[in-house]
Every structure is written in structure tokens, then in C-alpha cells.
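Data first, discussion second: the structure below is written as C-alpha cells.
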Amino acid sequence: VLYVDEMPDLATFFERVAILTGDAAHNLRSCLDHLAYQLALRNTNGIIRNERGVQFPIEDSPTKFQRRCQPGGWLGEIHPNDQAIIGEFQPYDGQQRAPR
């Protein structure tokens with residue numbers, strides 16, 4: 001038999017975990033955006049037309065992803081081969097795709 005006389009206040013612990021989890025998720029997302037930007041730099045020889053428009057998409061359908069690959073889209077200045085690799089990591093319908 002185990003008796004608990006006192007329960008610690010976990011509010012500060014949960015708050016800290018929430019802050020750290022949010023910070024980690026934001027940092028991971030930022031890494032993906034930096035990757036997309038570096039791929040655009042490589043493809044355009046350092047002359048990106050729309051620097052603020054380059055982002056790593058996370059789309060739930062192939063149609064939406066293809067729109068991001070069009071000129072003016074987030075991946076519009078990235079080489080088609082790199083677009084295809086990024087497409088392999090999209091969460092379409094929750095399906096898992098094996099990377100190349």
C-alpha cells in the first residue's frame with residue numbers, strides 16, 4: 001500500500017515543458033525553411049527573385065504541393081530535382097514514403 005501525503009505543484013513543470021516543446025518545434029521548422037532557401041540560392045546562383053517567398057511546404061495533397069512548385073510558389077526557384085525530393089517527404093494522406 002502506498003500513501004501520498006503531498007502532491008507537488010506541477011504547473012511550473014508543465015509550463016516549462018510547453019515552452020521548450022514549442023521552441024524545439026519552431027527551431028525544426030526554421031531549419032526546413034533555411035534548407036529551402038539554400039536550395040534556392042544554389043539553383044539561382046545566389047540571385048533569388050523573391051527571397052521572402054521561399055519556404056519549405058508541408059502540404060496534405062499532391063495538388064497543393066504542385067502549386068508550391070510553380071513559378072512564384074514557395075519552391076518556384078528551386079531545381080525540379082530538389083522539388084521532387086522535398087515532395088517525397090510531404091504528408092499526403094498520412095502515407096509514409098521511403099526516402100531515396
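Residues are referred to by chain and number: the chain letter is A, B, ... according to the order shown in the C-alpha cells, the number counts from 1 in that chain, and ligands are numbered separately from 1 in the order shown.
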Contacts of Gly72 (chain A) at 9 Å (only C-alpha atoms; same-chain gap of 4+ positions) as an MDAnalysis selection string
chainID A and resid 50 53 68 76:77
Take the residues just selected and output them with C-alpha atoms as an mmCIF file, in the first residue's frame.
data_model
loop_
_atom_site.group_PDB
_atom_site.id
_atom_site.type_symbol
_atom_site.label_atom_id
_atom_site.label_comp_id
_atom_site.auth_asym_id
_atom_site.auth_seq_id
_atom_site.Cartn_x
_atom_site.Cartn_y
_atom_site.Cartn_z
ATOM 1 C CA ASN A 50 11.549 36.649 -54.109
ATOM 2 C CA GLY A 53 8.675 33.837 -50.728
ATOM 3 C CA ARG A 68 4.055 25.435 -54.396
ATOM 4 C CA GLY A 76 9.445 28.075 -57.586
ATOM 5 C CA GLU A 77 13.135 28.963 -57.544
#
All alpha helix (DSSP H) residues (DSSP, backbone) inside chain A, as an NGL selection string
:A and (11-44 or 62-69 or 80-87)
Could you take the residues named above and write them with C-alpha atoms, as a PDB file, in the first residue's frame?
ATOM      1  CA  ALA A  11       2.143  23.763 -13.032  1.00  0.00           C
ATOM      2  CA  THR A  12       5.630  25.248 -13.449  1.00  0.00           C
ATOM      3  CA  PHE A  13       6.928  21.941 -14.811  1.00  0.00           C
ATOM      4  CA  PHE A  14       4.139  21.744 -17.426  1.00  0.00           C
ATOM      5  CA  GLU A  15       4.684  25.385 -18.390  1.00  0.00           C
ATOM      6  CA  ARG A  16       8.391  24.798 -18.911  1.00  0.00           C
ATOM      7  CA  VAL A  17       7.754  21.654 -20.966  1.00  0.00           C
ATOM      8  CA  ALA A  18       5.274  23.569 -23.140  1.00  0.00           C
ATOM      9  CA  ILE A  19       7.765  26.387 -23.727  1.00  0.00           C
ATOM     10  CA  LEU A  20      10.610  24.006 -24.574  1.00  0.00           C
ATOM     11  CA  THR A  21       8.423  21.908 -26.876  1.00  0.00           C
ATOM     12  CA  GLY A  22       7.215  24.990 -28.729  1.00  0.00           C
ATOM     13  CA  ASP A  23      10.756  26.305 -29.064  1.00  0.00           C
ATOM     14  CA  ALA A  24      12.002  22.960 -30.399  1.00  0.00           C
ATOM     15  CA  ALA A  25       9.168  22.745 -32.955  1.00  0.00           C
ATOM     16  CA  HIS A  26       9.853  26.311 -34.118  1.00  0.00           C
ATOM     17  CA  ASN A  27      13.568  25.592 -34.483  1.00  0.00           C
ATOM     18  CA  LEU A  28      12.902  22.449 -36.520  1.00  0.00           C
ATOM     19  CA  ARG A  29      10.513  24.355 -38.800  1.00  0.00           C
ATOM     20  CA  SER A  30      13.106  27.116 -39.223  1.00  0.00           C
ATOM     21  CA  CYS A  31      15.689  24.508 -40.278  1.00  0.00           C
ATOM     22  CA  LEU A  32      13.388  23.332 -43.073  1.00  0.00           C
ATOM     23  CA  ASP A  33      12.902  26.915 -44.287  1.00  0.00           C
ATOM     24  CA  HIS A  34      16.675  27.504 -44.244  1.00  0.00           C
ATOM     25  CA  LEU A  35      17.134  24.316 -46.272  1.00  0.00           C
ATOM     26  CA  ALA A  36      14.669  25.544 -48.898  1.00  0.00           C
ATOM     27  CA  TYR A  37      16.427  28.910 -49.041  1.00  0.00           C
ATOM     28  CA  GLN A  38      19.839  27.307 -49.521  1.00  0.00           C
ATOM     29  CA  LEU A  39      18.454  25.132 -52.327  1.00  0.00           C
ATOM     30  CA  ALA A  40      17.039  28.256 -53.985  1.00  0.00           C
ATOM     31  CA  LEU A  41      20.399  30.009 -53.652  1.00  0.00           C
ATOM     32  CA  ARG A  42      22.138  27.051 -55.284  1.00  0.00           C
ATOM     33  CA  ASN A  43      19.651  26.877 -58.154  1.00  0.00           C
ATOM     34  CA  THR A  44      19.659  30.635 -58.874  1.00  0.00           C
ATOM     35  CA  PRO A  62      -0.134  16.453 -54.205  1.00  0.00           C
ATOM     36  CA  THR A  63      -2.144  19.218 -55.897  1.00  0.00           C
ATOM     37  CA  LYS A  64      -1.300  21.749 -53.197  1.00  0.00           C
ATOM     38  CA  PHE A  65       2.346  20.717 -53.284  1.00  0.00           C
ATOM     39  CA  GLN A  66       2.499  21.113 -57.078  1.00  0.00           C
ATOM     40  CA  ARG A  67       1.146  24.666 -56.723  1.00  0.00           C
ATOM     41  CA  ARG A  68       4.055  25.435 -54.396  1.00  0.00           C
ATOM     42  CA  CYS A  69       6.480  24.233 -57.098  1.00  0.00           C
ATOM     43  CA  PRO A  80      12.886  20.388 -60.073  1.00  0.00           C
ATOM     44  CA  ASN A  81      15.069  17.508 -58.822  1.00  0.00           C
ATOM     45  CA  ASP A  82      15.186  19.109 -55.378  1.00  0.00           C
ATOM     46  CA  GLN A  83      11.439  19.777 -55.546  1.00  0.00           C
ATOM     47  CA  ALA A  84      10.887  16.066 -56.184  1.00  0.00           C
ATOM     48  CA  ILE A  85      12.965  15.095 -53.154  1.00  0.00           C
ATOM     49  CA  ILE A  86      11.039  17.535 -50.958  1.00  0.00           C
ATOM     50  CA  GLY A  87       7.827  16.086 -52.387  1.00  0.00           C
TER      51      GLY A  87
END
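In this structure, CA of Glu51 (chain A) sits 25.2 Å away from CA of Pro91 (chain A).
Reported to one decimal place, the separation of CA of Asp60 (chain A) from CA of His79 (chain A) is 21.5 Å.
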